[in-house]
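This report concerns only the one structure given below.
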Amino acid sequence: MGQLQGAFDSALAHGMKVIVSYWEADTAKDGLVDDTAAWNTMWDKVTSDFAGNANVYFEPMNEPFGYSLSSWVSLCSTWLSRHSAIPRGRVLISGTGYNDNVTGVGAASALSGTLLSLHFYGFWASDTTRAAWTTNLSNRLGSYSSRTVIDEAGSPMTTGLTYTGGQNQDGNVFTSYFAATTDLTRARQMGIVYWPGLRSGDTYSITRQSGTGLAVNNASGVAQLRWGWGL
């Protein structure tokens, strides 16, 4: 926990918002909480440590694909009851499957007032136009854009793609996907978290280590992401 605490504290000190999420162990990969008792103990500690910081948000579980909608809503409802001191507006409830659709959790009255977490990637379809990707994403959001944070989205940043300029965006799966995603989040004033900011050996990594600092892998990708943020 010490290393994580240091990362959280550093981000918060720089005025950033932090999302704390539970990921299941690599050995299981069944989309279920590995050990409910340990999960509860962990969340008791984390919520206690960060309850007073309004810039810390809590996501009970990442990509709960092992649960049906009803069982996932039930688990999240229990989490919310156990941690009722946390404002619901600081809790992100993952969409069903691989966080890939928020319409079910958005409609659940037991989860009212929470934020919703959506993951959206270009390798989920073979569309090559912004229009098709916009439709794809809109269907996953339904009427819940105002509550939803796309807290995972990313595209190849080390393969030489150009992400800015309409003439460069249609005709390629990833440029059209990224343009549609950032255009929609800007238009609907949604949050978007890029995955990953820095990850060694990952072609999606938007930065790389350079000496004692970081270097950008794709300036056009950064520019398009900033556009999506409304910057």
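The chains in the structure tokens are called A, B, ... from first to last as shown; in each chain the residues are counted from 1, and the ligands are counted from 1 in the order shown.
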
List the spatial neighbours of Trp195 (chain A) as a PyMOL selection string - criterion: any atom at most 12 Å away, only C-alpha atoms, same-chain residues fewer than 6 positions off excluded. chain A and resi 119-121+150-157+202-207+225

Residues of region 24-188 of chain A in strand (DSSP E), written as a list in words: Val56, Tyr57, Phe58, Glu59, Leu92, Ile93, Ser94, Leu115, Leu116, Ser117, Leu118, His119, Thr148, Val149, Ile150, Asp151, Glu152 and Ala153 of chain A

Let me see the file: selected residues, N, CA, C and O atoms, as a PDB file, in the first residue's frame.
ATOM      1  N   VAL A  56     -10.696  12.183  -4.640  1.00  0.00           N
ATOM      2  CA  VAL A  56     -10.519  10.736  -4.740  1.00  0.00           C
ATOM      3  C   VAL A  56     -11.869  10.085  -5.006  1.00  0.00           C
ATOM      4  O   VAL A  56     -12.853  10.327  -4.294  1.00  0.00           O
ATOM      5  N   TYR A  57     -11.899   9.250  -6.036  1.00  0.00           N
ATOM      6  CA  TYR A  57     -13.104   8.550  -6.448  1.00  0.00           C
ATOM      7  C   TYR A  57     -12.870   7.040  -6.302  1.00  0.00           C
ATOM      8  O   TYR A  57     -11.735   6.573  -6.381  1.00  0.00           O
ATOM      9  N   PHE A  58     -13.949   6.319  -6.127  1.00  0.00           N
ATOM     10  CA  PHE A  58     -13.847   4.891  -5.824  1.00  0.00           C
ATOM     11  C   PHE A  58     -14.633   4.063  -6.843  1.00  0.00           C
ATOM     12  O   PHE A  58     -15.809   4.318  -7.085  1.00  0.00           O
ATOM     13  N   GLU A  59     -13.972   3.056  -7.410  1.00  0.00           N
ATOM     14  CA  GLU A  59     -14.592   2.149  -8.366  1.00  0.00           C
ATOM     15  C   GLU A  59     -14.544   0.742  -7.765  1.00  0.00           C
ATOM     16  O   GLU A  59     -13.475   0.135  -7.708  1.00  0.00           O
ATOM     17  N   LEU A  92     -17.729   5.337  -8.821  1.00  0.00           N
ATOM     18  CA  LEU A  92     -17.924   4.966 -10.218  1.00  0.00           C
ATOM     19  C   LEU A  92     -18.328   3.495 -10.284  1.00  0.00           C
ATOM     20  O   LEU A  92     -17.556   2.621  -9.884  1.00  0.00           O
ATOM     21  N   ILE A  93     -19.506   3.243 -10.781  1.00  0.00           N
ATOM     22  CA  ILE A  93     -19.983   1.873 -10.953  1.00  0.00           C
ATOM     23  C   ILE A  93     -19.656   1.408 -12.370  1.00  0.00           C
ATOM     24  O   ILE A  93     -20.094   2.014 -13.347  1.00  0.00           O
ATOM     25  N   SER A  94     -18.896   0.345 -12.457  1.00  0.00           N
ATOM     26  CA  SER A  94     -18.497  -0.165 -13.761  1.00  0.00           C
ATOM     27  C   SER A  94     -19.694  -0.677 -14.547  1.00  0.00           C
ATOM     28  O   SER A  94     -20.601  -1.304 -13.992  1.00  0.00           O
ATOM     29  N   LEU A 115     -21.722   7.804 -10.208  1.00  0.00           N
ATOM     30  CA  LEU A 115     -21.165   7.932 -11.538  1.00  0.00           C
ATOM     31  C   LEU A 115     -21.078   6.542 -12.157  1.00  0.00           C
ATOM     32  O   LEU A 115     -21.190   5.536 -11.457  1.00  0.00           O
ATOM     33  N   LEU A 116     -20.866   6.498 -13.458  1.00  0.00           N
ATOM     34  CA  LEU A 116     -20.767   5.223 -14.167  1.00  0.00           C
ATOM     35  C   LEU A 116     -19.438   5.181 -14.912  1.00  0.00           C
ATOM     36  O   LEU A 116     -18.944   6.204 -15.391  1.00  0.00           O
ATOM     37  N   SER A 117     -18.870   3.990 -15.012  1.00  0.00           N
ATOM     38  CA  SER A 117     -17.568   3.800 -15.652  1.00  0.00           C
ATOM     39  C   SER A 117     -17.727   2.993 -16.930  1.00  0.00           C
ATOM     40  O   SER A 117     -18.273   1.887 -16.914  1.00  0.00           O
ATOM     41  N   LEU A 118     -17.229   3.569 -18.040  1.00  0.00           N
ATOM     42  CA  LEU A 118     -17.279   2.891 -19.328  1.00  0.00           C
ATOM     43  C   LEU A 118     -15.864   2.732 -19.875  1.00  0.00           C
ATOM     44  O   LEU A 118     -15.056   3.659 -19.796  1.00  0.00           O
ATOM     45  N   HIS A 119     -15.561   1.557 -20.429  1.00  0.00           N
ATOM     46  CA  HIS A 119     -14.324   1.347 -21.169  1.00  0.00           C
ATOM     47  C   HIS A 119     -14.683   1.286 -22.649  1.00  0.00           C
ATOM     48  O   HIS A 119     -15.707   0.720 -23.027  1.00  0.00           O
ATOM     49  N   THR A 148     -21.501   9.448 -16.826  1.00  0.00           N
ATOM     50  CA  THR A 148     -20.475   8.488 -17.220  1.00  0.00           C
ATOM     51  C   THR A 148     -19.105   9.121 -17.401  1.00  0.00           C
ATOM     52  O   THR A 148     -18.965  10.191 -18.006  1.00  0.00           O
ATOM     53  N   VAL A 149     -18.100   8.424 -16.894  1.00  0.00           N
ATOM     54  CA  VAL A 149     -16.700   8.730 -17.160  1.00  0.00           C
ATOM     55  C   VAL A 149     -16.141   7.584 -18.003  1.00  0.00           C
ATOM     56  O   VAL A 149     -16.272   6.413 -17.616  1.00  0.00           O
ATOM     57  N   ILE A 150     -15.570   7.893 -19.142  1.00  0.00           N
ATOM     58  CA  ILE A 150     -14.862   6.858 -19.909  1.00  0.00           C
ATOM     59  C   ILE A 150     -13.491   6.737 -19.258  1.00  0.00           C
ATOM     60  O   ILE A 150     -12.590   7.528 -19.520  1.00  0.00           O
ATOM     61  N   ASP A 151     -13.364   5.760 -18.354  1.00  0.00           N
ATOM     62  CA  ASP A 151     -12.112   5.729 -17.583  1.00  0.00           C
ATOM     63  C   ASP A 151     -11.091   4.738 -18.123  1.00  0.00           C
ATOM     64  O   ASP A 151     -10.085   4.469 -17.457  1.00  0.00           O
ATOM     65  N   GLU A 152     -11.343   4.236 -19.331  1.00  0.00           N
ATOM     66  CA  GLU A 152     -10.300   3.586 -20.121  1.00  0.00           C
ATOM     67  C   GLU A 152     -10.613   3.818 -21.586  1.00  0.00           C
ATOM     68  O   GLU A 152     -11.678   3.441 -22.077  1.00  0.00           O
ATOM     69  N   ALA A 153      -9.671   4.440 -22.282  1.00  0.00           N
ATOM     70  CA  ALA A 153      -9.736   4.598 -23.730  1.00  0.00           C
ATOM     71  C   ALA A 153      -8.315   4.838 -24.200  1.00  0.00           C
ATOM     72  O   ALA A 153      -7.531   5.516 -23.519  1.00  0.00           O
TER      73      ALA A 153
END

List as a Markdown table every residue of region 59-134 of chain A that is in contact with region 27-47 of chain A, defined as an atom at most 6 Å from one of its atoms (using only C-alpha atoms), together with the nearest atom pair and the distance in Å rounded to one decimal, sorted by chain and then rising number.
| residue | atom | partner | partner_atom | distance |
| --- | --- | --- | --- | --- |
| A:Pro64 | CA | A:Gly31 | CA | 4.7 |
| A:Phe65 | CA | A:Gly31 | CA | 4.6 |
| A:Gly66 | CA | A:Gly31 | CA | 4.0 |

If you keep N, CA and C atoms, can you produce a file of those selected residues as a PDB file, in the first residue's frame?
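Produced file again30.pdb, reproduced below:
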ATOM      1  N   PRO A  64     -16.294  -6.193 -14.433  1.00  0.00           N
ATOM      2  CA  PRO A  64     -16.957  -7.295 -13.709  1.00  0.00           C
ATOM      3  C   PRO A  64     -17.684  -8.261 -14.640  1.00  0.00           C
ATOM      4  N   PHE A  65     -16.981  -8.798 -15.622  1.00  0.00           N
ATOM      5  CA  PHE A  65     -17.636  -9.586 -16.667  1.00  0.00           C
ATOM      6  C   PHE A  65     -18.184 -10.918 -16.177  1.00  0.00           C
ATOM      7  N   GLY A  66     -17.813 -11.340 -14.977  1.00  0.00           N
ATOM      8  CA  GLY A  66     -18.320 -12.604 -14.461  1.00  0.00           C
ATOM      9  C   GLY A  66     -19.709 -12.501 -13.858  1.00  0.00           C
TER      10      GLY A  66
END

Using DSSP on the backbone, list every residue of region 84-229 of chain A that comes out as alpha helix (DSSP H), and give them as a count of residues only. 51

Identify which of the residues A:Thr158, A:Asn217, A:Ser145, A:Asn172 lies closest to Gly191 (chain A), counting only C-alpha atoms when measuring atom-to-atom distances.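 Nearest candidate to Gly191 (chain A) out of A:Thr158, A:Asn217, A:Ser145, A:Asn172: A:Ser145.
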
Between CA of Asn218 (chain A) and CA of Gly160 (chain A), distance in Å (one decimal):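 Going from CA of Asn218 (chain A) over to CA of Gly160 (chain A), I get 7.5 Å.
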
Need to verify the contact set: Met61 (chain A), 7 Å, only C-alpha atoms, exclusion of same-chain residues closer than 6 positions in sequence. Can you return it as a PyMOL selection string? chain A and resi 21-23+94

Requested write-out: C-alpha atoms of the selected residues, as a PDB file, in the first residue's frame:
ATOM      1  CA  SER A  21     -10.274   0.649  -8.409  1.00  0.00           C
ATOM      2  CA  TYR A  22     -10.158  -3.033  -7.486  1.00  0.00           C
ATOM      3  CA  TRP A  23      -8.717  -5.379 -10.117  1.00  0.00           C
ATOM      4  CA  SER A  94     -18.497  -0.165 -13.761  1.00  0.00           C
TER       5      SER A  94
END

Please list as a short mmCIF file (atom, residue, chain, number, x, y, z; two decimals) with N, CA, C and O atoms, in the first residue's frame every residue within 12 Å of Asn168 (chain A), counting only C-alpha atoms and excluding residues in the same chain fewer than 5 positions away.
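Writing the result to out05.cif gives the following:
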data_model
loop_
_atom_site.label_atom_id
_atom_site.label_comp_id
_atom_site.auth_asym_id
_atom_site.auth_seq_id
_atom_site.Cartn_x
_atom_site.Cartn_y
_atom_site.Cartn_z
N THR A 128 -14.30 2.20 -39.67
CA THR A 128 -13.24 3.11 -40.12
C THR A 128 -13.75 4.53 -40.34
O THR A 128 -13.08 5.33 -40.98
N THR A 129 -14.92 4.83 -39.79
CA THR A 129 -15.44 6.20 -39.91
C THR A 129 -15.82 6.73 -38.53
O THR A 129 -16.25 5.97 -37.65
N ARG A 130 -15.71 8.03 -38.39
CA ARG A 130 -16.10 8.66 -37.13
C ARG A 130 -17.59 8.46 -36.86
O ARG A 130 -17.99 8.26 -35.71
N GLY A 160 3.06 5.56 -35.64
CA GLY A 160 3.12 6.61 -36.66
C GLY A 160 1.80 7.14 -37.15
O GLY A 160 1.76 7.86 -38.16
N LEU A 161 0.69 6.84 -36.49
CA LEU A 161 -0.61 7.35 -36.91
C LEU A 161 -0.74 8.84 -36.59
O LEU A 161 -0.19 9.32 -35.60
N THR A 162 -1.47 9.56 -37.43
CA THR A 162 -1.76 10.97 -37.20
C THR A 162 -3.21 11.09 -36.78
O THR A 162 -4.12 10.69 -37.52
N TYR A 163 -3.45 11.64 -35.58
CA TYR A 163 -4.79 11.66 -35.02
C TYR A 163 -5.54 12.96 -35.23
O TYR A 163 -6.76 13.00 -35.07
N VAL A 173 -9.17 2.39 -38.62
CA VAL A 173 -9.92 2.00 -37.43
C VAL A 173 -9.57 2.89 -36.24
O VAL A 173 -10.46 3.46 -35.57
N PHE A 174 -8.29 3.06 -35.98
CA PHE A 174 -7.89 3.69 -34.73
C PHE A 174 -7.98 5.21 -34.76
O PHE A 174 -8.35 5.84 -33.77
N THR A 175 -7.66 5.82 -35.88
CA THR A 175 -7.78 7.28 -35.95
C THR A 175 -9.25 7.69 -35.92
O THR A 175 -9.62 8.69 -35.27
N SER A 176 -10.11 6.94 -36.60
CA SER A 176 -11.54 7.28 -36.59
C SER A 176 -12.14 7.02 -35.21
O SER A 176 -12.97 7.80 -34.72
N TYR A 177 -11.75 5.92 -34.59
CA TYR A 177 -12.21 5.61 -33.22
C TYR A 177 -11.83 6.72 -32.25
O TYR A 177 -12.65 7.20 -31.47
N PHE A 178 -10.55 7.13 -32.28
CA PHE A 178 -10.08 8.09 -31.30
C PHE A 178 -10.69 9.46 -31.54
O PHE A 178 -11.03 10.18 -30.58
N ALA A 179 -10.87 9.82 -32.81
CA ALA A 179 -11.52 11.09 -33.12
C ALA A 179 -12.96 11.10 -32.64
O ALA A 179 -13.42 12.07 -32.01
N SER A 220 0.35 14.26 -32.02
CA SER A 220 -1.01 14.42 -32.52
C SER A 220 -2.01 13.69 -31.62
O SER A 220 -3.14 14.15 -31.44
N GLY A 221 -1.57 12.56 -31.04
CA GLY A 221 -2.43 11.85 -30.10
C GLY A 221 -2.70 12.67 -28.86
O GLY A 221 -3.83 12.72 -28.35
N GLN A 224 -5.14 15.47 -29.77
CA GLN A 224 -6.52 15.00 -29.91
C GLN A 224 -7.13 14.68 -28.55
O GLN A 224 -8.32 14.95 -28.31
#

Computed interatomic separation between CA of Gly211 (chain A) and CA of Asp9 (chain A) (Å):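 Separation between CA of Gly211 (chain A) and CA of Asp9 (chain A): 23.5 Å.
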
Shell around Gly142 (chain A) at 9 Å using only C-alpha atoms, local window under 3 positions removed, as JSON, numbers by chain: {"A": [101, 102, 103, 106, 137, 138, 139, 145]}
